[in-house]
Structures are given as C-alpha cells and as structure tokens.
Amino acid sequence: MSLDAGESRRLAALQRKVLWLATWMIHNANHLRDTGDGLKVGGHQASSASLATIMTALYFAVLRPQDRVAVKPHASPVFHAIQYLLGHQDRAKMEAFRGFGGAQSYPSRTKDGDDVDFSTGSVGLGAGVTVFASLVQDYLAAHGRLDRPEGRMIALVGDAELDEGNIFECLLEGWKHGLRNCWWVIDYNRQSLDAVVREGLYDRISALFTAMDWEVRVLKYGRLLEAAFAEPGGDALRDWIDRCPNQLYSALTFQGGAAWRKRLMDEIGDQGDVTALLERRSDDQLAALMTNLAGHDLESLVDAFESAPTDRPVCFLAYTVKGYGLPLAGHKDNHAGLMTPDQMSAFRQAMKVREGHEWEPFEGLDLPAGELRDFLDGVPFNAEGTRRHAAPAVPVPDTLPADVPAVTSTQFGFGKILDNLAKSGGPLADAILTTSPDVTVSTNLGPWVNRRGLFARQAMADLFREERIASAQKWAAGPKGQHLELGIAEMNLFLTLAAAGLSHSLFGARVLPVGTLYDPFIARGLDALNYACYQDARFLLVATPSGVTLAPEGGAHQSIGTPLIGMAQDGLAAFEPAFVDELAVILRFAFDYLQRDGEGQPAERTWLRDETGGSVYLRLSTRPVEQIRREMTPDLARDIVDGAYWLRRPGPNAEAIVAFTGAVAPEAIAATGLMAEDRRDVGLLAVTSADRLNAGWTAAARARERGLVHARSHVERLLAEAPAHCGLVTVLDGHPATLGWLGAVQGHRTRALGVEHFGQTGTIAELYRHHGIDAQAILAAAQGLSPGRPIRHLRGLG
C-alpha cells in the first residue's frame with residue numbers, strides 16, 4: 001500500500017506531534033515539575049526520537065487490533081504520546097511521567113492504563129516474549145480456540161538490545177518451532193548507552209536472522225536520498241555513505257549542514273556532478289538529506305510493513321538517527337541526555353507550539369484539528385478501542401486424586417496427579433499446557449506427555465515407535481498436543497510462561513501453563529521470571545529436584561536460596577509440601593488461584609489478597625518419604641493452603657517446637673518423637689508455605705498499625721498456642737533464613753537450621769549430617785535452647 005498525498009500529510013503532522021509530546025513529557029518531568037527530592041527524573045529524549053517515525057507508521061497506518069507490540073523500553077514516552085492522541089492516555093498521567101501514579105518510565109501492563117501489550121524494561125525480554133506469544137497463538141489456533149484473526153507479534157528493538165544473551169536463545173527456539181506472524185523492527189541508530197556501535201554490526205545482525213530463517217529487510221535510505229542517488233553524482237554519494245564510519249556519521253549529524261558540506265566536498269567534491277548535487281542544496285537541506293534514513297521516512301516504512309509476509313518471521317533493520325529532529329541528534333552522549341531549557345525553547349518555536357498550549361493534541365500543526373481527529377478515529381489499530389480480552393474461568397474439581405504408594409516423593413506425586421488429570425480428561429485437563437527446557441522426563445512430566453502429546457503445527461512421526469524400538473516415552477507430536485518441548489534454556493521457559501500466562505488477555509482464550517525445571521536453575525532465568533510476574537502472567541512453576549537432598553548430583557544441581565526467591569518474588573505464591581496429599585490440595589488451589597482477578601481485599605483469616613490471584617511456585621523433591629494416611633478435612637486443607645498446620649499440637653508445658661518444611665519431614669518427625677520421650681507437649685509444625693505465612697504476618701502487622709487492633713494472621717494464631725518459654729527449632733533443606741523469622745512472631749527463642757553451602761556429594765544421610773539438618777542436629781539445637789534439660793537421645797549427652 002502506498003500512501004496518498006492526504007495520508008502522507010496527516011501522518012507527517014502526527015509524527016511531529018508525537019515527537020513533540022514525547023520530548024515535552026520528559027522536559028516537564030525534569031525541569032518544570034517539582035519532585036521535592038532534587039533527584040534527576042530522567043527519560044530518554046534521544047532514544048524516543050529515533051523511533052517516533054517508525055511508531056507513527058505502525059500505530060496510525062499499519063497495525064490492526066489483533067496485532068501485539070512490545071515497545072523498546074526507552075521509547076515509552078513515544079508510546080504514551082501515541083496513546084494520548086488515540087484517547088487511551090490522559091494529560092494528568094503524562095504530566096506525572098515517571099512520578100507516583102503517572103505514566104511509567106517503561107511500558108507496563110500492570111502500572112500503565114493505556115493498553116500496553118507487553119511490559120518492557122529489562123532489555124531483550126520484551127523482544128523475546130513476542131516469539132513465544134506467536135507460538136502460543138499458533139497453539140490456540142491449532143486447538144480451535146482462537147476466535148479472532150491471527151495477529152502479528154511485533155517487537156520494537158534497540159540495536160544495542162541485541163547484545164542480550166536471551167535474544168539468541170529465543171531466536172533458535174523460534175526456528176525449532178517454525179515461527180511465523182512475528183516481526184522485529186530494529187532501531188538501528190548505531191548508538192548504545194555509552195558508545196557508538198562497532199562497524200559492520202548490521203552484517204552480523206542480518207546473518208544471524210537469516211540463519212534462523214527470518215526474512216531480513218534492510219531499510220536504509222529514505223525517498224530524499226534515493227532521489228539524490230538518481231541524480232548525476234548520486235552514485236558517489238551513495239558509495240561515501242556506505243563507507244562512512246558510524247562515529248563519523250553520528251558526529252556530522254550532530255554538527256549539522258555546514259559540517260556535512262565541508263566533509264563531503266573535501267572527500268568526494270569533484271567540481272562536477274557531485275559538487276553540483278551538493279550545491280543545489282542549502283545547509284539545512286543538506287542536513288535533512290543526509291539524515292533521511294528509511295527509519296525516518298513514513299512512506300518507505302509503510303510500504304515495507306504492508307508488503308511483509310506473515311508466514312515467516314520478518315526482521316526490519318531500520319536505519320535511524322538517535323535523537324532525530326532534536327538538537328541532541330547524533331551526539332555520542334545523548335542516550336540519557338536532556339535538552340536544556342534554552343534548547344527546548346528553540347524547539348518549541350520550531351514546532352510552532354505556544355507557551356501554555358504544550359499538551360494540546362494538535363497545537364502547532366498545519367492541518368485542521370477536525371481533519372486529524374477524524375483520521376485518528378478511523379485508524380485501524382484503534383477500531384476496537386482497548387484491546388484487553390477476557391476469558392471465562394476453567395472449572396477446577398473440588399479435589400485432585402492422588403493415589404500414590406505408601407512411600408513416595410512429591411515429584412512422583414506431581415507426575416501422578418497430572419497423569420490422572422490427563423487420563424480422566426475434562427475442561428481442566430484440556431486447558432493445561434505443559435512446557436519444560438529439555439527436562440520433561442526428569443521432572444516427571446513424561447506420563448502427561450504420553451497421554452496428551454507434544455505440540456507441533458504439523459504432525460511428526462515417532463520413528464522409534466514405528467521401528468518398534470521399546471521406549472517408555474510414546475510422544476506423538478501434532479497440532480492437538482499439549483506439551484511444548486523447549487531447548488535447555490531457562491530464559492525461554494519463563495518467557496513461554498509469560499506469553500502463555502497472558503493468553504486470556506492477549507487472545508481471549510485461557511491457557512493454564514505448567515512449566516517444570518530443576519530448582520537450582522530458576523536462578524538462570526530469574527530476570528525472565530521477574531519479568532513474567534511483573535506482567536501479571538499466570539502460570540504454575542514446578543521446580544524439582546531441589547536442595548542438597550538430590551545428594552549424589554553435587555553442588556551444580558543443589559539449590560539453597562530458592563525458598564528465599566519464592567518469598568521475595570512479587571506475584572508468585574511459593575509452596576514446598578512434604579507429602580503428596582498436601583501437594584494435591586495445593587495444586588487444586590493453584591489452578592484456581594491462577595484464574596482469579598478480583599479486587600484484592602485482604603481476607604481477615606490470612607490477611608492475604610488471594611482474590612487478586614497470581615502465579616504459583618512449587619519446590620518439590622525426589623526423596624521418597626513415608627506418606628501419612630489421613631483424612632483430608634476442610635480445616636486441614638485450608639491450613640495447608642494458608643501455609644502451615646500442626647502435625648503435633650504443642651501442649652501448655654511445651655519446652656520445644658520443631659517447625660519444618662519439605663523433604664526433611666522424616667528428620668523432623670524422628671527428632672520430635674525422640675524429644676517427646678524426655679519432654680512433655682513437644683510441638684511439630686509442618687510449614688507448607690513460608691512465603692504465605694510471612695506475607696500474612698507482615699500484612700496483619702500493617703493492619704494493626706492502621707488501627708485494626710484485632711487483625712491476626714494464620715501464623716500468629718498457630719504460634720499463640722505455644723507457651724512463651726518454649727524454644728523453636730526450624731529446619732529445611734534450604735537457606736535457614738526461610739524459617740528463621742518465625743521466632744519473631746510471638747517472641748520465641750529460635751534456632752534456625754538449614755543449608756548455607758553447596759558442593760558436597762554423598763548420600764542424603766551424609767549430607768544432612770554435614771549440613772546440620774538431620775535428627776541429631778535438631779536435637780542438639782533444641783538442647784541449646786534449653787541447656788538445663790539434657791535430651792537422652794542426643795549423641796554424647798544421653
């Protein structure tokens with residue numbers, strides 16, 4: 001599609017307005033608004049400016065409502081300006097840009113109100129999530145659950161952003177799965193935060209995307225330059241530009257027309273065609289010509305976008321100028337630079353904006369406001385208004401069956417529960433999409449995949465099965481499969497969970513994503529996990545095996561700090577069950593919790609905002625432990641979900657309480673039994689979620705500070721049953737700080753046991769003894785809290 005003259009004029013006017021509003025927004029925040037603390041507010045006037053034309057072309061001419069965009073973080077002001085013109089952003093939010101309650105520094109699904117598709121901020125992740133959003137869209141289409149046209153998943157990417165390692169991981173994963181309907185528009189302004197990029201980077205970028213089977217479209221020259229190249233002497237000008245080093249090009253851009261003329265005359269002036277070409281233009285015209293790159297040429301951009309295919313991914317390598325249209329353009333220090341008040345005054349005059357009218361949508365433009373408003377009302381992207389969708393909740397059964405052996409592990413129990421769901425079928429099973437970074441079998445997802453199959457857009461034969469080679473894995477692959485197998489890259493796992501966990505909002509169809517990985521490798525993808533939670537994506541993360549309990553595998557696979565990650569990560573409810581019946585209750589809760597989207601008032605029982613919902617993290621173990629045969633009463637199930645319950649309730653004369661989490665249950669139970677022979681009323685507290693206990697405790701304290709004097713959390717009520725004089729021993733296969741805070745709840749003397757170092761191999765017994773989390777260590781800790789009362793079964797003291 002070529003723009004007609006009227007469309008071209010209107011888009012050019014709107015591009016000027018977008019550039020002005022984005023620049024003014026940052027200036028207002030830094031020079032006019034009183035922040036009260038004197039700190040620099042910041043913003044990225046130059047980085048915004050380089051994308052102003054590209055985003056104008058996309059949002060006002062090319063995009064459709066079903067398209068989804070991850071905007072380069074530093075172009076946030078341009079995004080807000082565009083949404084303001086479309087009626088989805090208000091002036092007050094823009095005036096408060098980077099302030100409390102204002103438009104966000106970087107586009108945010110949860111903090112901004114102007115129709116952000118994907119949060120961005122940690123560079124590289126916004127680009128990567130579009131790959132997996134495209135795959136999720138394919139999944140929904142293949143399952144017959146996409147009731148709207150397929151959209152393009154588009155990333156606006158800074159050239160320096162491509163340095164991020166997750167970029168290469170996600171491109172390879174996209175190639176494996178036949179990625180399509182995905183565009184990356186690279187803002188190739190050849191500047192990073194601190195420097196000008198290395199020469200020839202565009203060749204490497206093109207080669208990388210070509211190798212991953214993307215179509216690469218290099219958008220280098222605008223119409224003015226193409227016309228100049230067609231003049232006599234134009235070939236020499238093109239050759240000079242193609243050979244010009246990035247630093248020199250940037251420096252000349254900053255210096256302006258006279259500098260361009262001198263350099264060009266010195267190097268290619270010939271007193272003939274080239275000289276005449278230059279002399280036909282004033283200094284201002286020459287500067288405009290030499291910065292007329294395709295990334296700033298609306299007609300070139302619209303033509304390129306409209307002619308791009310959708311059956312394969314497309315990389316647009318768009319040459320731009322960082323700071324285009326501003327006095328900062330081209331300077332190597334412009335990334336975080338701010339225009340001075342004098343520069344802004346001159347810019348205001350150039351934009352024909354009157355003082356006091358800076359926020360008016362059409363101030364200073366040569367076209368009538370009515371004409372521009374009518375044009376914006378007809379923009380295809382805006383045809384449906386806000387583009388957030390909703391999907392009905394998937395019903396969750398009252399209980400999930402957990403028929404397991406008398407001695408088993410929580411990891412096995414997880415696989416068995418999913419296998420039962422897969423076998424019995426129903427809406428919940430059909431809504432689940434599992435995924436794993438090449439550890440599907442070793443995290444016990446194999447039975448689920450045997451029943452539900454691998455997802456692939458085209459059916460793929462299992463040649464081992466066709467050749468009648470015995471294998472436990474009977475993994476058929478095809479469009480109806482419900483497991484997305486990933487390569488061994490944890491960042492890709494979390495980006496997949498982020499995309500699938502937003503399916504209800506992005507595509508109007510609900511997926512319940514379940515991702516599994518080894519617990520220690522959460523840390524490898526922690527940035528992407530935080531990114532997924534920041535978007536309020538909804539997913540179940542199952543991490544197993546965990547801790548030093550995996551014993552012979554050694555330090556490389558041992559996790560210590562992950563329970564603390566579970567406690568600290570916003571948007572993620574963390575659990576670590578010891579028994580499979582606990583796990584079944586927690587899984588049932590989790591599938592419901594993923595789908596909640598209420599107002600978030602705290603429940604007076606727990607002081608947790610459970611109605612808002614969120615994602616869930618399960619830390620599981622491969623250690624087989626003896627299962628407790630008991631009735632799962634409603635009260636017990638409630639306590640398991642709330643975070644803890646008494647496995648042995650303390651009596652009024654209790655001198656010691658043991659609080660444990662997860663795989664150390666046998667040691668905690670054994671130590672409690674031995675202590676009970678010498679001491680009366682010993683208590684045993686099973687902690688299923690240190691995260692929820694701690695969150696409820698702190699929330700109840702805040703409520704009391706606000707005057708709700710009767711607010712009590714679940715853990716406060718539990719520990720209120722223990723006499724003040726008794727000691728508290730906490731123990732888990734993880735960092736001791738996970739439970740060490742429990743003593744502060746009611747003021748009990750506390751000894752926190754756990755793991756603080758990794759690297760040893762051996763049996764479970766050897767490692768538990770080495771780290772001081774075995775039964776003898778628990779007894780010794782209890783003795784230390786009550787030194788006047790010897791414990792008979794403590795080695796050397798009995």
# chains A, B, ... in the order shown; residues from 1 in each chain; ligands from 1
call {"tool": "select_by_dssp", "arguments": {"residues": "region 323-370 of chain A", "states": "alpha helix (DSSP H)", "output": "PyMOL selection string"}}
result
chain A and resi 341-350+369-370
call {"tool": "residues_around", "arguments": {"residues": "Lys474 (chain A)", "least_positions_apart": "3", "cutoff": "8 Å", "atoms": "only C-alpha atoms", "output": "list in words"}}
result
Val449, Asn450, Asp462, Arg465 and Ser471 of chain A
call {"tool": "select_by_dssp", "arguments": {"residues": "region 598-749 of chain A", "states": "strand (DSSP E)", "output": "PyMOL selection string"}}
result
chain A and resi 615-619+625-626+644-648+656-661+683-687+727-732+749
call {"tool": "write_last_selection", "arguments": {"atoms": "N, CA and C atoms", "output": "tab-separated table (two decimals), in the first residue's frame"}}
result
chain	number	residue	atom	x	y	z
A	615	SER	N	0.61	-16.17	40.17
A	615	SER	CA	1.26	-17.40	39.77
A	615	SER	C	1.70	-18.18	41.01
A	616	VAL	N	2.07	-19.44	40.79
A	616	VAL	CA	2.41	-20.33	41.90
A	616	VAL	C	3.70	-21.06	41.60
A	617	TYR	N	4.55	-21.19	42.61
A	617	TYR	CA	5.82	-21.90	42.52
A	617	TYR	C	5.81	-23.05	43.50
A	618	LEU	N	6.05	-24.27	43.02
A	618	LEU	CA	6.15	-25.46	43.85
A	618	LEU	C	7.60	-25.93	43.87
A	619	ARG	N	8.18	-26.04	45.07
A	619	ARG	CA	9.52	-26.60	45.23
A	619	ARG	C	9.35	-28.05	45.70
A	625	VAL	N	9.48	-40.39	50.78
A	625	VAL	CA	9.23	-40.37	52.23
A	625	VAL	C	7.93	-41.11	52.51
A	626	GLU	N	7.81	-41.62	53.71
A	626	GLU	CA	6.60	-42.34	54.09
A	626	GLU	C	5.43	-41.36	54.16
A	644	ALA	N	0.63	-23.47	56.89
A	644	ALA	CA	1.17	-24.33	57.94
A	644	ALA	C	0.04	-24.97	58.73
A	645	TYR	N	0.38	-26.09	59.35
A	645	TYR	CA	-0.58	-26.76	60.24
A	645	TYR	C	0.20	-27.55	61.28
A	646	TRP	N	-0.48	-27.84	62.39
A	646	TRP	CA	0.16	-28.63	63.45
A	646	TRP	C	0.09	-30.11	63.09
A	647	LEU	N	1.24	-30.70	62.89
A	647	LEU	CA	1.30	-32.16	62.76
A	647	LEU	C	1.26	-32.79	64.15
A	648	ARG	N	1.78	-32.06	65.12
A	648	ARG	CA	1.66	-32.43	66.53
A	648	ARG	C	1.47	-31.12	67.30
A	656	ALA	N	9.70	-27.26	73.64
A	656	ALA	CA	10.31	-27.17	72.32
A	656	ALA	C	9.25	-27.38	71.24
A	657	ILE	N	9.44	-26.68	70.13
A	657	ILE	CA	8.64	-26.86	68.92
A	657	ILE	C	9.61	-27.00	67.76
A	658	VAL	N	9.33	-27.95	66.90
A	658	VAL	CA	10.09	-28.10	65.66
A	658	VAL	C	9.20	-27.66	64.51
A	659	ALA	N	9.67	-26.73	63.70
A	659	ALA	CA	8.96	-26.29	62.50
A	659	ALA	C	9.79	-26.69	61.30
A	660	PHE	N	9.20	-27.42	60.36
A	660	PHE	CA	9.96	-27.94	59.22
A	660	PHE	C	9.23	-27.66	57.92
A	661	THR	N	9.99	-27.73	56.85
A	661	THR	CA	9.44	-27.59	55.51
A	661	THR	C	10.01	-28.68	54.62
A	683	GLY	N	5.85	-29.78	70.27
A	683	GLY	CA	5.04	-29.47	69.09
A	683	GLY	C	5.80	-29.70	67.80
A	684	LEU	N	5.06	-30.03	66.72
A	684	LEU	CA	5.65	-30.23	65.40
A	684	LEU	C	4.80	-29.48	64.38
A	685	LEU	N	5.39	-28.43	63.79
A	685	LEU	CA	4.68	-27.56	62.85
A	685	LEU	C	5.14	-27.86	61.43
A	686	ALA	N	4.22	-28.28	60.58
A	686	ALA	CA	4.52	-28.51	59.17
A	686	ALA	C	4.26	-27.22	58.39
A	687	VAL	N	5.31	-26.62	57.85
A	687	VAL	CA	5.19	-25.37	57.10
A	687	VAL	C	5.14	-25.70	55.61
A	727	GLY	N	11.24	-23.15	73.27
A	727	GLY	CA	12.14	-22.82	72.18
A	727	GLY	C	11.61	-23.33	70.86
A	728	LEU	N	12.05	-22.70	69.78
A	728	LEU	CA	11.58	-23.04	68.44
A	728	LEU	C	12.79	-23.42	67.57
A	729	VAL	N	12.80	-24.63	67.02
A	729	VAL	CA	13.84	-25.08	66.10
A	729	VAL	C	13.20	-25.15	64.70
A	730	THR	N	13.76	-24.45	63.76
A	730	THR	CA	13.26	-24.50	62.39
A	730	THR	C	14.27	-25.23	61.53
A	731	VAL	N	13.78	-25.96	60.54
A	731	VAL	CA	14.69	-26.77	59.72
A	731	VAL	C	14.10	-26.98	58.33
A	732	LEU	N	14.94	-26.87	57.32
A	732	LEU	CA	14.56	-27.17	55.93
A	732	LEU	C	15.81	-27.42	55.12
A	749	ARG	N	12.37	-18.00	71.58
A	749	ARG	CA	13.78	-18.24	71.30
A	749	ARG	C	13.88	-19.23	70.15
call {"tool": "residues_around", "arguments": {"residues": "region 429-445 of chain A", "least_positions_apart": "4", "cutoff": "6 Å", "atoms": "only C-alpha atoms", "output": "list in words"}}
result
Gly415, Leu421, Ala422, Gly425, Gln482, His483, Leu484, Glu485, Leu486, Gly487, Ile488, Ala489, Val511, Leu512, Pro513, Val514, Gly515 and Thr516 of chain A
call {"tool": "write_last_selection", "arguments": {"atoms": "N, CA and C atoms", "output": "PDB file, in the first residue's frame"}}
result
ATOM      1  N   GLY A 415       3.727 -35.844  39.128  1.00  0.00           N
ATOM      2  CA  GLY A 415       3.517 -36.524  37.852  1.00  0.00           C
ATOM      3  C   GLY A 415       2.269 -37.380  37.859  1.00  0.00           C
ATOM      4  N   LEU A 421      -5.157 -36.483  35.763  1.00  0.00           N
ATOM      5  CA  LEU A 421      -5.932 -35.462  35.055  1.00  0.00           C
ATOM      6  C   LEU A 421      -5.975 -35.749  33.559  1.00  0.00           C
ATOM      7  N   ALA A 422      -4.820 -36.097  33.003  1.00  0.00           N
ATOM      8  CA  ALA A 422      -4.747 -36.382  31.569  1.00  0.00           C
ATOM      9  C   ALA A 422      -5.647 -37.554  31.199  1.00  0.00           C
ATOM     10  N   GLY A 425      -9.514 -36.544  31.749  1.00  0.00           N
ATOM     11  CA  GLY A 425      -9.976 -35.529  30.817  1.00  0.00           C
ATOM     12  C   GLY A 425     -10.816 -34.460  31.494  1.00  0.00           C
ATOM     13  N   GLN A 482      -0.340 -31.142  23.857  1.00  0.00           N
ATOM     14  CA  GLN A 482      -0.459 -30.167  24.938  1.00  0.00           C
ATOM     15  C   GLN A 482       0.840 -29.975  25.722  1.00  0.00           C
ATOM     16  N   HIS A 483       1.949 -30.338  25.113  1.00  0.00           N
ATOM     17  CA  HIS A 483       3.244 -30.094  25.746  1.00  0.00           C
ATOM     18  C   HIS A 483       4.165 -29.426  24.728  1.00  0.00           C
ATOM     19  N   LEU A 484       4.736 -28.295  25.111  1.00  0.00           N
ATOM     20  CA  LEU A 484       5.676 -27.577  24.263  1.00  0.00           C
ATOM     21  C   LEU A 484       7.078 -27.859  24.774  1.00  0.00           C
ATOM     22  N   GLU A 485       7.813 -28.667  24.035  1.00  0.00           N
ATOM     23  CA  GLU A 485       9.160 -29.040  24.453  1.00  0.00           C
ATOM     24  C   GLU A 485      10.153 -27.963  24.010  1.00  0.00           C
ATOM     25  N   LEU A 486      10.931 -27.460  24.967  1.00  0.00           N
ATOM     26  CA  LEU A 486      11.886 -26.386  24.715  1.00  0.00           C
ATOM     27  C   LEU A 486      13.305 -26.917  24.809  1.00  0.00           C
ATOM     28  N   GLY A 487      14.220 -26.199  24.176  1.00  0.00           N
ATOM     29  CA  GLY A 487      15.629 -26.472  24.378  1.00  0.00           C
ATOM     30  C   GLY A 487      16.041 -26.073  25.780  1.00  0.00           C
ATOM     31  N   ILE A 488      17.260 -26.414  26.145  1.00  0.00           N
ATOM     32  CA  ILE A 488      17.686 -26.272  27.537  1.00  0.00           C
ATOM     33  C   ILE A 488      18.142 -24.833  27.799  1.00  0.00           C
ATOM     34  N   ALA A 489      17.166 -23.933  27.834  1.00  0.00           N
ATOM     35  CA  ALA A 489      17.409 -22.509  28.087  1.00  0.00           C
ATOM     36  C   ALA A 489      16.292 -22.002  28.986  1.00  0.00           C
ATOM     37  N   VAL A 511      -5.312 -20.346  28.791  1.00  0.00           N
ATOM     38  CA  VAL A 511      -4.397 -21.467  28.909  1.00  0.00           C
ATOM     39  C   VAL A 511      -3.884 -21.486  30.345  1.00  0.00           C
ATOM     40  N   LEU A 512      -3.746 -22.675  30.911  1.00  0.00           N
ATOM     41  CA  LEU A 512      -3.156 -22.821  32.239  1.00  0.00           C
ATOM     42  C   LEU A 512      -1.768 -23.422  32.062  1.00  0.00           C
ATOM     43  N   PRO A 513      -0.735 -22.579  32.008  1.00  0.00           N
ATOM     44  CA  PRO A 513       0.606 -23.071  31.712  1.00  0.00           C
ATOM     45  C   PRO A 513       1.260 -23.696  32.941  1.00  0.00           C
ATOM     46  N   VAL A 514       1.901 -24.837  32.732  1.00  0.00           N
ATOM     47  CA  VAL A 514       2.653 -25.519  33.779  1.00  0.00           C
ATOM     48  C   VAL A 514       4.064 -25.726  33.249  1.00  0.00           C
ATOM     49  N   GLY A 515       5.031 -25.094  33.886  1.00  0.00           N
ATOM     50  CA  GLY A 515       6.418 -25.218  33.465  1.00  0.00           C
ATOM     51  C   GLY A 515       7.238 -25.931  34.512  1.00  0.00           C
ATOM     52  N   THR A 516       8.088 -26.868  34.085  1.00  0.00           N
ATOM     53  CA  THR A 516       8.939 -27.584  35.034  1.00  0.00           C
ATOM     54  C   THR A 516      10.406 -27.351  34.694  1.00  0.00           C
TER      55      THR A 516
END
call {"tool": "closest_residue", "arguments": {"among": "A:Leu767, A:Leu572, A:Ala318, A:Val116", "to": "Ser50 (chain A)", "atoms": "only C-alpha atoms"}}
result
A:Ala318
call {"tool": "residues_around", "arguments": {"residues": "region 6-17 of chain A", "least_positions_apart": "2", "cutoff": "7 Å", "atoms": "only C-alpha atoms", "output": "MDAnalysis selection string"}}
result
chainID A and resid 3:4 19:21 52:53 56 365 372
call {"tool": "residues_around", "arguments": {"residues": "Ile82 (chain A)", "least_positions_apart": "5", "cutoff": "9 Å", "atoms": "only C-alpha atoms", "output": "PyMOL selection string"}}
result
chain A and resi 14+18+21-22+55-56+59-60+77+87-89
call {"tool": "write_last_selection", "arguments": {"atoms": "N, CA and C atoms", "output": "PDB file, in the first residue's frame"}}
result
ATOM      1  N   LEU A  14       1.228  14.131  12.404  1.00  0.00           N
ATOM      2  CA  LEU A  14       1.134  13.369  13.650  1.00  0.00           C
ATOM      3  C   LEU A  14       2.507  12.935  14.146  1.00  0.00           C
ATOM      4  N   VAL A  18       3.823  13.629  17.851  1.00  0.00           N
ATOM      5  CA  VAL A  18       4.312  12.548  18.719  1.00  0.00           C
ATOM      6  C   VAL A  18       5.698  12.899  19.240  1.00  0.00           C
ATOM      7  N   LEU A  21       5.326  15.784  21.879  1.00  0.00           N
ATOM      8  CA  LEU A  21       4.742  15.366  23.155  1.00  0.00           C
ATOM      9  C   LEU A  21       5.704  14.491  23.955  1.00  0.00           C
ATOM     10  N   ALA A  22       6.394  13.573  23.279  1.00  0.00           N
ATOM     11  CA  ALA A  22       7.339  12.703  23.979  1.00  0.00           C
ATOM     12  C   ALA A  22       8.478  13.519  24.580  1.00  0.00           C
ATOM     13  N   MET A  55       7.082   4.291  14.920  1.00  0.00           N
ATOM     14  CA  MET A  55       5.873   4.038  15.703  1.00  0.00           C
ATOM     15  C   MET A  55       4.676   4.788  15.137  1.00  0.00           C
ATOM     16  N   THR A  56       4.899   5.951  14.578  1.00  0.00           N
ATOM     17  CA  THR A  56       3.810   6.659  13.903  1.00  0.00           C
ATOM     18  C   THR A  56       3.284   5.836  12.737  1.00  0.00           C
ATOM     19  N   TYR A  59       1.408   2.529  14.319  1.00  0.00           N
ATOM     20  CA  TYR A  59       0.165   2.700  15.070  1.00  0.00           C
ATOM     21  C   TYR A  59      -0.904   3.453  14.286  1.00  0.00           C
ATOM     22  N   PHE A  60      -0.507   4.335  13.393  1.00  0.00           N
ATOM     23  CA  PHE A  60      -1.500   5.144  12.687  1.00  0.00           C
ATOM     24  C   PHE A  60      -1.788   4.662  11.271  1.00  0.00           C
ATOM     25  N   PRO A  77       8.002   7.197  26.207  1.00  0.00           N
ATOM     26  CA  PRO A  77       7.307   8.471  26.008  1.00  0.00           C
ATOM     27  C   PRO A  77       6.591   8.563  24.656  1.00  0.00           C
ATOM     28  N   GLY A  87      -6.633   8.572  22.470  1.00  0.00           N
ATOM     29  CA  GLY A  87      -7.655   8.656  23.505  1.00  0.00           C
ATOM     30  C   GLY A  87      -7.531   7.650  24.618  1.00  0.00           C
ATOM     31  N   HIS A  88      -6.373   6.952  24.728  1.00  0.00           N
ATOM     32  CA  HIS A  88      -6.185   5.941  25.765  1.00  0.00           C
ATOM     33  C   HIS A  88      -5.250   6.394  26.884  1.00  0.00           C
ATOM     34  N   GLN A  89      -4.789   7.617  26.842  1.00  0.00           N
ATOM     35  CA  GLN A  89      -3.910   8.158  27.878  1.00  0.00           C
ATOM     36  C   GLN A  89      -4.398   9.566  28.206  1.00  0.00           C
TER      37      GLN A  89
END
call {"tool": "closest_atom_pairs", "arguments": {"of": "region 466-552 of chain A", "to": "region 91-111 of chain A", "cutoff": "10 Å", "atoms": "only C-alpha atoms", "output": "Markdown table"}}
result
| residue | atom | partner | partner_atom | distance |
| --- | --- | --- | --- | --- |
| A:Tyr534 | CA | A:Thr110 | CA | 7.3 |
| A:Gln535 | CA | A:Arg109 | CA | 5.7 |
| A:Asp536 | CA | A:Thr110 | CA | 7.0 |
| A:Ala537 | CA | A:Arg109 | CA | 9.9 |
call {"tool": "closest_residue", "arguments": {"among": "A:Glu655, A:Asp239, A:Asp159, A:Asp581", "to": "Phe414 (chain A)", "atoms": "only C-alpha atoms"}}
result
A:Asp581
call {"tool": "closest_residue", "arguments": {"among": "A:Gly501, A:Gly325, A:Gly269, A:Gly330", "to": "Leu540 (chain A)", "atoms": "only C-alpha atoms"}}
result
A:Gly501
